[in-house]
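Report on the structure given below.
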Amino acid sequence: TDAHLGTSAANNIAMIVEDDKLGTSQITFSDLSERTSRFAQLLRNYGIEPGERILIRLPNSLDYPTAFLGAMKRGAISVPTSTLLTAEEVAYLAKDAGASVLVTDKEAWEKLKDKLEGADKLRHVLLSGPGEVLKVAGLNVQDLDSALAKIENWEAPHPTKAIDPAYLVYTSGTTGYPKGVLHAHRALIGRAPASKYWFNFAAEGDRIMHSGKFNWTYVLGSGLMDPLYLGKTVIVHEGKNDANTWPRLIKKHSATIFVGVPTIYRQIVQKSD
């Protein structure tokens, strides 16, 4: 996120989130850089060392890139998880990954807080969105926005290398328990051919509307890392959707590229107005 500072893209919109309950929110590349730096410093202040795991269980929101990229700035390993998982399944991943920090929304935390037995390395919980901050004995539970607001100064990003681990994505567990697949920082560069030959991004002005959730590897790449790396605007939706959702949002935000699975396209063709 820092690569665009001092360039013409710095004040461009990096991400727009259309949330059915919370409305529309957006953030510039400059502000996202600052927010991820604050998150990285917060981890430092908590004593989180490079290589420790940060479990992220969030809906599509501005807090997602904040945590996912901010953890990498610290040299920590982001562990994205699906919002469709049960509290017991998230607890299993926290235990299996050895997560030191959990970042989740307050609604999910209400169901998850009593299911974390065995996640012995977990020390800190950062809560996103509206709602009450429910404390749990033995854990440092804080409101994410409030914690970030207290960070006034931050150190430079941890000097990671291309071969250093960046994020850990779990398989769906179709044939057994989910297994973690570790991706190095070089994965971003490895995605360059897709950005060049698949999306064929324009030099300037592309706005990418993605129908997926950030926790999936495909969406992390095509809907978050690739566009932000290249200074493009990402547009995502959170909440219920139907065949009219995507054409409406494409028009509202002047999206130039839409990304979705085949069932989404079939839904639009067959059922949209």
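Following the order of the structure tokens, first chain is A, next is B, and so on, with residues numbered from 1 inside each chain and ligands from 1 in the order they appear.
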
Listing only residues of stretch 162-187 of chain A within 10 Å of stretch 61-81 of chain A, what is the closest atom pair and its distance in Å (to one decimal) for each, using only C-alpha atoms, sorted by chain and residue number ascending, as CSV?
```
residue,atom,partner,partner_atom,distance
A:Asp164,CA,A:Gly75,CA,8.4
A:Pro165,CA,A:Ile77,CA,6.5
A:Ala166,CA,A:Ile77,CA,5.0
A:Tyr167,CA,A:Ser78,CA,4.5
A:Leu168,CA,A:Val79,CA,4.9
A:Val169,CA,A:Val79,CA,6.0
A:Tyr170,CA,A:Thr81,CA,7.5
A:Thr171,CA,A:Thr81,CA,9.9
A:Gly180,CA,A:Val79,CA,8.9
A:Val181,CA,A:Val79,CA,9.9
A:Leu182,CA,A:Ile77,CA,9.0
A:His183,CA,A:Ile77,CA,9.3
A:Ala184,CA,A:Ile77,CA,9.5
A:His185,CA,A:Met72,CA,8.7
```

As number ranges by chain, please: the residues near A:Ile208 (cut-off 8 Å, only C-alpha atoms, same-chain neighbours under 6 positions excluded).
A: 223, 227, 232-235, 255-259

Can I get the selection written as a PDB file, in the first residue's frame, with N, CA and C atoms?
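Now in part-v6.pdb:
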```
ATOM      1  N   GLY A 223      -9.166  -9.728  -6.497  1.00  0.00           N
ATOM      2  CA  GLY A 223     -10.008  -8.653  -6.000  1.00  0.00           C
ATOM      3  C   GLY A 223      -9.380  -7.767  -4.951  1.00  0.00           C
ATOM      4  N   PRO A 227      -5.317  -5.621  -7.886  1.00  0.00           N
ATOM      5  CA  PRO A 227      -5.738  -4.246  -8.172  1.00  0.00           C
ATOM      6  C   PRO A 227      -5.022  -3.197  -7.309  1.00  0.00           C
ATOM      7  N   LYS A 232      -5.341   0.285  -8.760  1.00  0.00           N
ATOM      8  CA  LYS A 232      -6.715   0.293  -9.269  1.00  0.00           C
ATOM      9  C   LYS A 232      -7.708   0.354  -8.106  1.00  0.00           C
ATOM     10  N   THR A 233      -8.930   0.750  -8.406  1.00  0.00           N
ATOM     11  CA  THR A 233      -9.982   0.827  -7.398  1.00  0.00           C
ATOM     12  C   THR A 233     -10.735  -0.497  -7.320  1.00  0.00           C
ATOM     13  N   VAL A 234     -10.909  -1.000  -6.099  1.00  0.00           N
ATOM     14  CA  VAL A 234     -11.646  -2.238  -5.853  1.00  0.00           C
ATOM     15  C   VAL A 234     -13.019  -1.889  -5.290  1.00  0.00           C
ATOM     16  N   ILE A 235     -14.056  -2.542  -5.796  1.00  0.00           N
ATOM     17  CA  ILE A 235     -15.423  -2.335  -5.311  1.00  0.00           C
ATOM     18  C   ILE A 235     -15.986  -3.686  -4.899  1.00  0.00           C
ATOM     19  N   ALA A 255     -17.909   0.865 -12.771  1.00  0.00           N
ATOM     20  CA  ALA A 255     -16.923  -0.207 -12.830  1.00  0.00           C
ATOM     21  C   ALA A 255     -16.592  -0.542 -14.281  1.00  0.00           C
ATOM     22  N   THR A 256     -15.313  -0.778 -14.558  1.00  0.00           N
ATOM     23  CA  THR A 256     -14.881  -1.129 -15.912  1.00  0.00           C
ATOM     24  C   THR A 256     -14.621  -2.621 -16.059  1.00  0.00           C
ATOM     25  N   ILE A 257     -14.433  -3.316 -14.932  1.00  0.00           N
ATOM     26  CA  ILE A 257     -14.206  -4.759 -14.938  1.00  0.00           C
ATOM     27  C   ILE A 257     -15.077  -5.385 -13.858  1.00  0.00           C
ATOM     28  N   PHE A 258     -15.785  -6.446 -14.218  1.00  0.00           N
ATOM     29  CA  PHE A 258     -16.575  -7.189 -13.239  1.00  0.00           C
ATOM     30  C   PHE A 258     -16.031  -8.606 -13.150  1.00  0.00           C
ATOM     31  N   VAL A 259     -15.844  -9.097 -11.916  1.00  0.00           N
ATOM     32  CA  VAL A 259     -15.303 -10.429 -11.692  1.00  0.00           C
ATOM     33  C   VAL A 259     -16.334 -11.240 -10.901  1.00  0.00           C
TER      34      VAL A 259
END
```

Name the residues of stretch 125-268 of chain A that come out as helix (DSSP H, G or I) in a backbone DSSP run; write them as a PyMOL selection string.
chain A and resi 144-149+187-190+192-199+217-229+245-252+262-268

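Here the question is which of A:Val136, A:Phe39, A:Asp226, A:Ser128 gets nearest to A:Trp198 using only C-alpha atoms, and that residue is A:Asp226.
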
Between atom CA of A:Asn45 and atom CA of A:Gly138, measure the distance and give it in Å to one decimal.
17.8 Å

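Taking only stretch 138-273 of chain A, the residues that DSSP calls strand (DSSP E or B) from the backbone come to Asn140, Val141, Gln142, Asp143, Pro165, Ala166, Tyr167, Leu168, Val169, Tyr170, Gly180, Val181, Leu182, His183, Ala184, Arg207, Ile208, Met209, His210, Thr233, Val234, Ile235, Val236, His237, Glu238, Ile257, Phe258 and Val259 of chain A.
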
Give me the residues within 6 Å of stretch 3-11 of chain A as a PyMOL selection string, counting only C-alpha atoms and dropping any in the same chain fewer than 3 places off.
chain A and resi 28-30

Write out as a ChimeraX atom specification which residues come within 12 Å of A:Gly23 when counting only C-alpha atoms, dropping same-chain ones fewer than 4 positions away.
/A:16-19,61,237-239

Mind dumping the selected residues with C-alpha atoms as a short mmCIF file (atom, residue, chain, number, x, y, z; two decimals), in the first residue's frame?
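Writing done, so here's part_18.cif:
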```
data_model
loop_
_atom_site.label_atom_id
_atom_site.label_comp_id
_atom_site.auth_asym_id
_atom_site.auth_seq_id
_atom_site.Cartn_x
_atom_site.Cartn_y
_atom_site.Cartn_z
CA ILE A 16 -15.23 1.00 -1.97
CA VAL A 17 -17.44 -1.23 0.18
CA GLU A 18 -21.20 -1.37 -0.35
CA ASP A 19 -22.68 -2.81 2.84
CA SER A 61 -15.02 -4.30 4.77
CA HIS A 237 -20.38 -5.79 -1.65
CA GLU A 238 -21.40 -7.12 1.76
CA GLY A 239 -24.87 -8.48 2.48
#
```

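Proximity of A:Asn12, A:Gln142, A:Ser272, A:Thr217 to A:Leu42, computed with only C-alpha atoms, is greatest for A:Gln142.
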
Residue among A:Ala203, A:Ala91, A:Ala156, A:Leu84 lying closest to A:Gly231, counting only C-alpha atoms:
A:Ala203
